[in-house]
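Here is protein.cif, consisting of mmCIF, C-alpha atoms:
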data_protein
#
loop_
_atom_site.label_atom_id
_atom_site.label_comp_id
_atom_site.auth_asym_id
_atom_site.auth_seq_id
_atom_site.Cartn_x
_atom_site.Cartn_y
_atom_site.Cartn_z
CA MET Q 1 -103.77 -25.72 -226.07
CA ALA Q 2 -104.39 -27.36 -222.68
CA ALA Q 3 -103.38 -25.50 -219.56
CA THR Q 4 -100.00 -26.55 -218.21
CA LEU Q 5 -100.86 -25.43 -214.68
CA THR Q 6 -103.92 -25.84 -212.50
CA ILE Q 7 -104.34 -23.42 -209.58
CA THR Q 8 -106.83 -23.85 -206.76
CA ALA Q 9 -107.09 -21.66 -203.69
CA THR Q 10 -108.09 -22.53 -200.14
CA GLU Q 11 -108.07 -20.49 -196.96
CA GLU Q 12 -106.80 -21.31 -193.49
CA GLY Q 13 -107.79 -18.34 -191.38
CA ARG Q 14 -106.07 -15.29 -192.82
CA ILE Q 15 -103.66 -17.38 -194.91
CA THR Q 16 -104.50 -18.22 -198.51
CA ILE Q 17 -102.99 -21.36 -199.98
CA LEU Q 18 -102.47 -21.63 -203.72
CA HIS Q 19 -102.28 -25.30 -204.67
CA LEU Q 20 -100.40 -25.69 -207.95
CA SER Q 21 -100.47 -28.73 -210.19
CA GLY Q 22 -98.52 -29.19 -213.41
CA ARG Q 23 -95.74 -27.18 -214.98
CA LEU Q 24 -94.66 -23.72 -213.87
CA ASP Q 25 -93.11 -22.37 -217.05
CA ALA Q 26 -93.38 -19.59 -219.65
CA GLU Q 27 -96.88 -20.69 -220.62
CA SER Q 28 -98.24 -20.75 -217.08
CA GLN Q 29 -96.32 -18.06 -215.20
CA GLY Q 30 -98.82 -15.35 -216.23
CA GLN Q 31 -101.66 -17.45 -214.89
CA LEU Q 32 -99.92 -17.70 -211.49
CA MET Q 33 -99.11 -13.98 -211.46
CA ASP Q 34 -102.73 -13.10 -212.26
CA ALA Q 35 -104.00 -15.32 -209.44
CA ALA Q 36 -101.54 -13.79 -206.95
CA ARG Q 37 -102.33 -10.21 -208.02
CA LYS Q 38 -106.05 -10.84 -207.68
CA LEU Q 39 -105.57 -12.20 -204.17
CA HIS Q 40 -103.37 -9.26 -203.18
CA ASP Q 41 -105.83 -6.75 -204.69
CA ASN Q 42 -108.58 -8.41 -202.61
CA GLY Q 43 -106.64 -7.86 -199.37
CA VAL Q 44 -104.79 -11.15 -198.93
CA ARG Q 45 -101.46 -10.49 -197.21
CA PHE Q 46 -100.31 -14.00 -196.25
CA LEU Q 47 -99.75 -16.47 -199.06
CA LEU Q 48 -98.61 -20.08 -199.02
CA ILE Q 49 -97.81 -21.75 -202.32
CA ASP Q 50 -98.23 -25.53 -202.31
CA LEU Q 51 -95.77 -27.02 -204.81
CA GLN Q 52 -96.52 -30.67 -204.10
CA ASN Q 53 -97.92 -31.36 -207.58
CA VAL Q 54 -95.54 -29.14 -209.56
CA ASP Q 55 -93.50 -31.51 -211.67
CA PHE Q 56 -91.42 -28.90 -213.51
CA ILE Q 57 -90.30 -25.33 -212.89
CA ALA Q 58 -88.58 -23.22 -215.55
CA SER Q 59 -86.87 -19.83 -215.30
CA ALA Q 60 -90.16 -18.10 -216.15
CA GLY Q 61 -91.75 -19.87 -213.19
CA LEU Q 62 -88.91 -18.69 -210.96
CA GLY Q 63 -89.54 -15.18 -212.24
CA ALA Q 64 -93.21 -15.45 -211.27
CA LEU Q 65 -92.32 -16.63 -207.75
CA HIS Q 66 -89.87 -13.74 -207.42
CA ASN Q 67 -92.50 -11.22 -208.51
CA ILE Q 68 -95.04 -12.70 -206.10
CA TYR Q 69 -92.46 -12.43 -203.31
CA LYS Q 70 -91.99 -8.75 -204.17
CA LEU Q 71 -95.76 -8.19 -204.34
CA PHE Q 72 -96.42 -9.72 -200.91
CA THR Q 73 -93.29 -8.51 -199.09
CA PRO Q 74 -93.18 -4.78 -198.28
CA GLU Q 75 -89.91 -3.34 -199.57
CA GLU Q 76 -89.56 -1.05 -196.56
CA GLU Q 77 -89.45 -4.09 -194.25
CA VAL Q 78 -86.69 -5.68 -196.33
CA ASP Q 79 -84.73 -2.39 -196.32
CA ALA Q 80 -85.14 -1.98 -192.55
CA TRP Q 81 -83.94 -5.58 -192.03
CA ARG Q 82 -80.88 -5.01 -194.22
CA ASN Q 83 -79.99 -1.82 -192.36
CA GLU Q 84 -80.30 -3.52 -188.99
CA LYS Q 85 -78.99 -7.01 -189.73
CA HIS Q 86 -76.17 -6.14 -192.18
CA GLY Q 87 -76.04 -9.06 -194.57
CA GLU Q 88 -78.29 -11.58 -192.85
CA PRO Q 89 -80.93 -12.85 -195.28
CA PHE Q 90 -84.48 -11.59 -194.87
CA LYS Q 91 -87.02 -14.43 -194.67
CA SER Q 92 -90.45 -13.30 -195.79
CA PRO Q 93 -93.18 -13.72 -193.16
CA TYR Q 94 -95.80 -13.05 -195.88
CA MET Q 95 -95.07 -15.55 -198.66
CA LYS Q 96 -93.92 -19.10 -198.14
CA LEU Q 97 -93.57 -22.32 -200.09
CA ALA Q 98 -94.37 -25.90 -199.14
CA MET Q 99 -94.02 -29.47 -200.29
CA ALA Q 100 -91.69 -29.11 -203.28
CA SER Q 101 -90.54 -32.31 -204.94
CA PRO Q 102 -86.79 -32.97 -204.75
CA SER Q 103 -86.27 -31.75 -208.32
CA VAL Q 104 -88.25 -28.52 -207.79
CA TYR Q 105 -86.54 -27.96 -204.42
CA TYR Q 106 -83.17 -28.36 -206.12
CA VAL Q 107 -84.01 -25.71 -208.74
CA LEU Q 108 -85.31 -23.29 -206.07
CA ASN Q 109 -82.20 -23.84 -203.97
CA ILE Q 110 -79.65 -23.50 -206.75
CA ALA Q 111 -81.40 -20.34 -207.99
CA GLY Q 112 -81.07 -18.79 -204.51
CA PHE Q 113 -84.79 -18.55 -203.77
CA LEU Q 114 -84.61 -20.36 -200.47
CA GLN Q 115 -82.43 -17.63 -199.03
CA ASN Q 116 -85.42 -15.28 -198.77
CA ILE Q 117 -88.50 -17.45 -199.22
CA PRO Q 118 -89.06 -20.04 -196.50
CA ILE Q 119 -89.97 -23.54 -197.67
CA TYR Q 120 -91.55 -26.26 -195.56
CA PRO Q 121 -91.93 -30.02 -195.99
CA ASP Q 122 -95.67 -29.97 -195.26
CA LEU Q 123 -98.60 -27.57 -195.14
CA GLN Q 124 -99.12 -27.78 -191.38
CA SER Q 125 -95.60 -26.62 -190.48
CA ALA Q 126 -95.80 -23.90 -193.12
CA LEU Q 127 -99.14 -22.65 -191.78
CA ALA Q 128 -97.80 -22.70 -188.20
CA SER Q 129 -94.86 -20.51 -189.26
CA PHE Q 130 -96.95 -17.48 -190.21
CA PRO Q 131 -97.21 -14.63 -187.69
CA LYS Q 132 -100.14 -14.93 -185.29
#
Take the structure in this file and express it as structure tokens.
Amino acid sequence: MAATLTITATEEGRITILHLSGRLDAESQGQLMDAARKLHDNGVRFLLIDLQNVDFIASAGLGALHNIYKLFTPEEEVDAWRNEKHGEPFKSPYMKLAMASPSVYYVLNIAGFLQNIPIYPDLQSALASFPK
């Protein structure tokens, strides 16, 4: 069976960009998780996921994005934020999304992902948002 998702990686300084193309679903979520784990195991700490060419995202794809968020975002930082900010949402400085189509953006928004994972309309503004 043909792959439903193509993943390519590029680097911009210390930020790695995963460019996704195709469907992010039950068949492809493991592929994305494997790519993210490999990057993290190799020392990558800042990840930008380019969703420009993702034409469909299913619940399994949302699960993969959630697990990548947890992999790249230290739990102790989230806990410290919650203790200090009391209810304000924590926005990850480590994992961000960019260039989602309106339909993918809608799914991410309705599923609550955009509360904790920043999303940007283009790669340049997303790259500029990472800590220096």
Per residue of stretch 31-61 of chain Q within 12 Å of stretch 112-126 of chain Q, which atom pair is closest and at what distance in Å (one decimal), using only C-alpha atoms, listed by chain and increasing number, as CSV?
residue,atom,partner,partner_atom,distance
Q:Phe46,CA,Q:Ala126,CA,11.3
Q:Leu47,CA,Q:Ala126,CA,10.3
Q:Leu48,CA,Q:Ala126,CA,7.6
Q:Ile49,CA,Q:Leu123,CA,9.3
Q:Asp50,CA,Q:Leu123,CA,7.5
Q:Leu51,CA,Q:Ile119,CA,9.8
Q:Gln52,CA,Q:Asp122,CA,8.9
Q:Ser59,CA,Q:Phe113,CA,11.8
Q:Gly61,CA,Q:Phe113,CA,11.8
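The shell of residues at most 12 Å from Q:Ile110, with only C-alpha atoms counted and near chain neighbours (fewer than 6 positions) removed, consists of Q:Ser59, Q:Leu62, Q:Ser103, Q:Val104.
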Evaluate the PyMOL selection byres ((chain Q and resi 3-9) around 9) here and jot the selected residues down as a tab-separated table (two decimals) with C-alpha atoms, in the coordinates of the input.
chain	number	residue	atom	x	y	z
Q	1	MET	CA	-103.77	-25.72	-226.07
Q	2	ALA	CA	-104.39	-27.36	-222.68
Q	10	THR	CA	-108.09	-22.53	-200.14
Q	11	GLU	CA	-108.07	-20.49	-196.96
Q	16	THR	CA	-104.50	-18.22	-198.51
Q	17	ILE	CA	-102.99	-21.36	-199.98
Q	18	LEU	CA	-102.47	-21.63	-203.72
Q	19	HIS	CA	-102.28	-25.30	-204.67
Q	20	LEU	CA	-100.40	-25.69	-207.95
Q	21	SER	CA	-100.47	-28.73	-210.19
Q	22	GLY	CA	-98.52	-29.19	-213.41
Q	23	ARG	CA	-95.74	-27.18	-214.98
Q	24	LEU	CA	-94.66	-23.72	-213.87
Q	25	ASP	CA	-93.11	-22.37	-217.05
Q	27	GLU	CA	-96.88	-20.69	-220.62
Q	28	SER	CA	-98.24	-20.75	-217.08
Q	29	GLN	CA	-96.32	-18.06	-215.20
Q	31	GLN	CA	-101.66	-17.45	-214.89
Q	32	LEU	CA	-99.92	-17.70	-211.49
Q	35	ALA	CA	-104.00	-15.32	-209.44
Q	54	VAL	CA	-95.54	-29.14	-209.56
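Shortest atom-to-atom contact with Q:Ser92 among Q:Val44, Q:Met33, Q:Leu71, Q:Ala60: Q:Leu71, counting only C-alpha atoms.
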Centre and edge lengths, as AutoDock Vina command-line options, for the axis-aligned box enclosing every listed atom of stretch 12-22 of chain Q with 5 Å of padding on each of the six sides, in Å to one decimal?
--center_x -103.2 --center_y -22.2 --center_z -202.4 --size_x 19.3 --size_y 23.9 --size_z 32.0
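Here atom CA of Q:Ile57 and atom CA of Q:Arg14 stand 27.4 Å from one another.
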Problem - Nearest to Q:Arg45, chosen from Q:Val107, Q:Ile68, Q:Ala26, Q:Asn83, with all atoms listed in the file counted in the distances - result: Q:Ile68
Fill in the blank from the handout: Between atom CA of Q:Lys85 and atom CA of Q:Ala36 lies a distance of 29.2 Å
Exercise for the section: Tell me, in Å to one decimal, how far atom CA of Q:Ala80 is from atom CA of Q:His66. Expected result: 19.5 Å
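Distances from Q:Asn53, Q:Ile15, Q:Gly30, Q:Thr73 to Q:Met99 were compared using only C-alpha atoms, and the smallest one belongs to Q:Asn53.
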Completion exercise
In terms of all atoms listed in the file, the residue from Q:Phe72, Q:Lys96, Q:Pro131, Q:Phe56 at minimal distance from Q:Gly43 is Q:Phe72
